[in-house]
Structures are given as C-alpha cells and as structure tokens.
Amino acid sequence: MEFASRLQNVETSAIRELFKLLGKPGIISFAGGFPDPALFDAEGIRIASDAVLSSTPGPVLQYGATEGYEPLRAGISTHMRAKGAVVAPNGLIVTTGSQQALDLIGKTMINPGDKVIVEAPTFLATIQCFRLYGAQVIGAPIDADGVQVDVLERLIEEHRPRLVYLIPTFGNPSGATLSEARRRRILEVALRTRTLVVEDDPYGELYFDQPPPPSLLALSEQVPGSRDWLAHCGSFSKILSPGLRVGWMIAPEALLARATMCKQFSDAHTSNLSQAIAAHYLTLGRLAPTLDVVRRTYAERARVMAECLRQDLGDAISFNAPQGGMFFWARLTGGRDAAEFARRAIEQLVAFVPGAPFFAQAPDNATLRLSFATADLQRIREGIGRLKQAL
Ligand SMILES: Cc1ncc(COP(=O)(O)O)c(C=O)c1O
C-alpha cells in the first residue's frame, strides 16, 4: 500500500522502541512522561461524574459545540484569570488534550517547507506533529534560564519562521524555566518581527517552592500588541487527569476561528462528558488541595533524585535541579553516549530516556531525561543506585 508522502517526514520515535523494553519484570522506570496515578483525585472526579450525569445527562451525552462546553469555557476563563491572564470564555476553545491544540496550530499555520523554531531540546510529539505538516524544524539553544533569547532573535531574523514553539515553564524534557526578563523580551521580539509564538504550558502549576514567573500570556498585558502574536496551550492532563483528554487553546480571534474549523473536520468536539466532569470538578474547590499534595510529593521526589544523582553518579553526570514539573535533564560527562548507557541501565533493571530524539537538529548524544513523577522515594534511591551500576 502506498501512503501519503507527508509520512516520509516523520519516523517512529526511538523512545517508543525503548518503551517496549519497559515491560521487563522488576524494572524501575524514570522513562515515562506520565503523572503519578496515585495522586489523581479519583473521588473528586467520581463526585463530578455523578453530579453531571444526574443533573444534565442529555447535554453531556449528546454531541456538542466544537468550541467547547460552555460551563467549561467559563471555568477555564476563571482558572486562567487566577493565574494572571485575562481571557473571555469565547477567547478560548477546548481541545482534546493540549496535544490537539498543537496539531491544530500545525494544521492552520504550516505549509510544506515552512520553517518553525523550537527549543533544543523540546517535546518530541511537537517536532513530529510539525514535521507531519512539512515543517523544517530548527532548534534554538537553551540554558538553565530557558531559551537563549539573543540566539532565538537571530534565528528569527535569519529564518523568518512561521512560528516559534516554546515550553517556557518546567519544560519537557529540559525542566528549565524561562526567566521573567527573557519572557518580556520574547514578547517584544514577537511583536517587532511579527512572529507567532506558541506557549505550551502543561506544567506551570507543578511548582515546588514558589510559583514560576507569569506566563507569556499573562505578561502580554504589559507588552501592548504582543497578544496578537501569541497562542497559549493549556491542559488538565498533569493537574487533574490525562485520561480525560481536556486541554485548551487561547489565540488571536482569526487563528482561533480557523483552528475551530479544522477541529470540526477532525473530532467534531472534545468529549462532552469529559468536559462537563472537568467543569464541575473546578467548582468543587478540590483542585487547590489536590495540587498542594502533587506539588509536595513531586518536590520531595525531585529533591531525593537530585541528592541520589549527586551521591551515586557524582562527576559522571551534570544537571540543573528543576524548580517544578516532572523532569530532570542531565548530561553525561566524559563523552559518554546516553543511548548506550540506557541499554546498560535496562540490563540493571532501570530505565530513562536518552536525550537525542528531543533535538530537532544536532542532537546532543550525551543528554538524558529522568522523570521523578511516578517512582516513590525508595524506588528513586534504588533506581539511581542501579544507574551507578550501569555506568
Ligand atoms: C510539553 C507538552 N505539551 C503537550 C503535552 C500533551 O499533553 P495533553 O495530555 O494535554 O495532550 C505534553 C504531554 O506530555 C507535554 O509534555
């Protein structure tokens, strides 16, 4: 069978191949990108499900509007306002996870051959999705403070990309957070060069000690005109449940209208039942206490992972301890190859993801990503100990 030529632009990720090995009995995995299911507020979701199925079974089991279930659009608007971003309910659409928002952005913005700029490294699914639309994906380097804005500005001038995609807060895989000064500059550069910046923010709520700087969306109020060049993707996946598949997209009106049209042809609308559950959940007052527990748990796991990495791997590895999110991004010293290390690690029954696939270009083969989200403290200690054996 002959398949569409656009598929030639993408390949199954090396990460998926690695995941096949994760079924080994006894393995401790730092490889996944999932939140810890033990922290899901299943009771709250059950209460919300019962409530919506008892009070409004017709609408929540029926087809619905492509833009989203109205009570949820209102709920997300309130949720965003609490984070400093003023968005009217009709200034956002609900998407099937933020992953769909990224796909809709690709669909509406990218012509084959267009250039897009992403962080190096960035979320692998975004690289693949944009490539599927024919994009040439260019990487902009990051450091501990997120993307290097001087270099990004130069790359924008040089390549005139269709868009720039950033995960400014607790990035996946980098764990890095863009400083407030850099955020402001990015908004200024977007405005000056008339370049769409896509802010993907699924992790911003998962901070450990103190909240991160305001999102680009919230800061855009202070850079008049920049909001016209900004799209923002949010999600309940990491704070409530990824299985609900509820995310959202905030964007200038013309982009939002076209994305809505494309969504209509794709899945008609996001599950009304999921949307209604999320909307009702937001009214229960359970999100804040649930997030408190998630933040404390992840903070403790990150602290222990940092401690163990320093103790057990010492000079063999370098990393910046993240201030939130779910990931450590590390680099092997002495020219070691992380894919090779990953294979030895699996023999020792511990897994992580080599970093190379997260680079759109010029992969750094010494890098790796470790998730601390799903292993408890004892397994983190044991797992990092096994990594030492694999060195
Ligand atoms: C940076 C980033 N964006 C988007 C997503 C997709 O999340 P969702 O479940 O909302 O589709 C993920 C999931 O891991 C992610 O890490």
# chains A, B, ... in the order shown; residues from 1 in each chain; ligands from 1
>>> select_by_dssp(residues="range 129-373 of chain A", states="helix (DSSP H, G or I)", output="ChimeraX atom specification")
/A:129-132,149-159,180-193,216-222,226-229,242-244,253-266,272-283,287-316,338-347,356-358
>>> residues_near_ligand(ligand="ligand 1", cutoff="8 Å", atoms="only C-alpha atoms and all ligand atoms", output="ChimeraX atom specification")
/A:33-34,96-100,102,122-123,125-126,167,171-173,200-203,233-238,242-243,245-247
>>> closest_residue(among="A:Ala366, A:Ser174, A:Glu347, A:Arg73", to="Ile27 in chain A", atoms="only C-alpha atoms")
A:Glu347
>>> residues_around(residues="Pro252 in chain A", least_positions_apart="3", cutoff="9 Å", atoms="only C-alpha atoms", output="ChimeraX atom specification")
/A:91,227-231,255-257
>>> atom_distance(atom1="CA of Ala338 in chain A", atom2="CA of Gly355 in chain A")
7.3 Å
>>> atom_distance(atom1="CA of Arg344 in chain A", atom2="CA of Thr297 in chain A")
29.1 Å
>>> closest_residue(among="A:Asn365, A:Ala82, A:Ser54, A:Asn90", to="Ala288 in chain A", atoms="only C-alpha atoms")
A:Ala82
>>> closest_residue(among="A:Gln128, A:Thr374, A:Gln8, A:Gln348", to="Gln389 in chain A", atoms="only C-alpha atoms")
A:Gln348
>>> residues_around(residues="Ala74 in chain A", least_positions_apart="6", cutoff="9 Å", atoms="only C-alpha atoms", output="number ranges by chain")
A: 88-90, 279
>>> closest_residue(among="A:Arg6, A:His232, A:Arg286, A:Arg182", to="Gly146 in chain A", atoms="only C-alpha atoms")
A:Arg182
>>> closest_residue(among="A:His280, A:Arg296, A:Lys20, A:Arg183", to="Asp209 in chain A", atoms="only C-alpha atoms")
A:Arg296
>>> residues_around(residues="Met261 in chain A", least_positions_apart="3", cutoff="10 Å", atoms="only C-alpha atoms", output="JSON, numbers by chain")
{"A": [66, 67, 104, 108, 255, 256, 257, 258, 264, 265, 266, 268]}
>>> write_last_selection(atoms="N, CA and C atoms", output="compact mmCIF listing (two decimals), in the first residue's frame")
# COMPACT_ATOMS: atom_id res chain seq x y z
N THR A 66 -18.23 22.66 18.78
CA THR A 66 -16.81 22.44 18.52
C THR A 66 -15.93 23.29 19.44
N GLU A 67 -16.38 24.50 19.73
CA GLU A 67 -15.57 25.41 20.57
C GLU A 67 -15.42 24.91 21.99
N LEU A 104 -3.67 21.43 15.81
CA LEU A 104 -4.49 22.44 15.11
C LEU A 104 -3.64 23.63 14.70
N THR A 108 -3.23 24.78 10.86
CA THR A 108 -3.68 26.10 10.42
C THR A 108 -2.53 26.99 9.97
N LEU A 255 -7.00 33.16 14.23
CA LEU A 255 -6.38 31.83 14.35
C LEU A 255 -7.35 30.87 15.05
N LEU A 256 -7.98 31.36 16.11
CA LEU A 256 -8.92 30.51 16.85
C LEU A 256 -10.07 30.04 15.93
N ALA A 257 -10.56 30.94 15.09
CA ALA A 257 -11.67 30.59 14.19
C ALA A 257 -11.24 29.50 13.22
N ARG A 258 -10.03 29.62 12.69
CA ARG A 258 -9.56 28.61 11.72
C ARG A 258 -9.26 27.28 12.42
N GLN A 264 -13.46 20.91 13.76
CA GLN A 264 -14.77 20.42 13.33
C GLN A 264 -14.62 19.23 12.38
N PHE A 265 -13.64 19.31 11.48
CA PHE A 265 -13.44 18.23 10.50
C PHE A 265 -12.69 17.06 11.12
N SER A 266 -12.14 17.27 12.30
CA SER A 266 -11.27 16.27 12.88
C SER A 266 -12.01 15.40 13.91
N ALA A 268 -14.96 16.79 15.67
CA ALA A 268 -16.24 17.49 15.90
C ALA A 268 -16.22 18.30 17.20
>>> closest_residue(among="A:Phe341, A:Arg81, A:Arg336, A:Thr270", to="Ser215 in chain A", atoms="only C-alpha atoms")
A:Arg81
>>> closest_atom_pairs(of="range 182-236 of chain A", to="range 158-165 of chain A", cutoff="8 Å", atoms="only C-alpha atoms", output="JSON lines")
{"residue": "A:Thr195", "atom": "CA", "partner": "A:Leu163", "partner_atom": "CA", "distance": 5.9}
{"residue": "A:Leu196", "atom": "CA", "partner": "A:Leu163", "partner_atom": "CA", "distance": 4.7}
{"residue": "A:Val197", "atom": "CA", "partner": "A:Val164", "partner_atom": "CA", "distance": 4.8}
{"residue": "A:Val198", "atom": "CA", "partner": "A:Tyr165", "partner_atom": "CA", "distance": 4.7}
{"residue": "A:Glu199", "atom": "CA", "partner": "A:Tyr165", "partner_atom": "CA", "distance": 6.3}
{"residue": "A:Asp200", "atom": "CA", "partner": "A:Tyr165", "partner_atom": "CA", "distance": 7.5}
>>> select_by_dssp(residues="range 30-249 of chain A", states="strand (DSSP E or B)", output="number ranges by chain")
A: 92-95, 115-120, 136-143, 146-147, 163-166, 196-200, 207, 230-235, 247-249
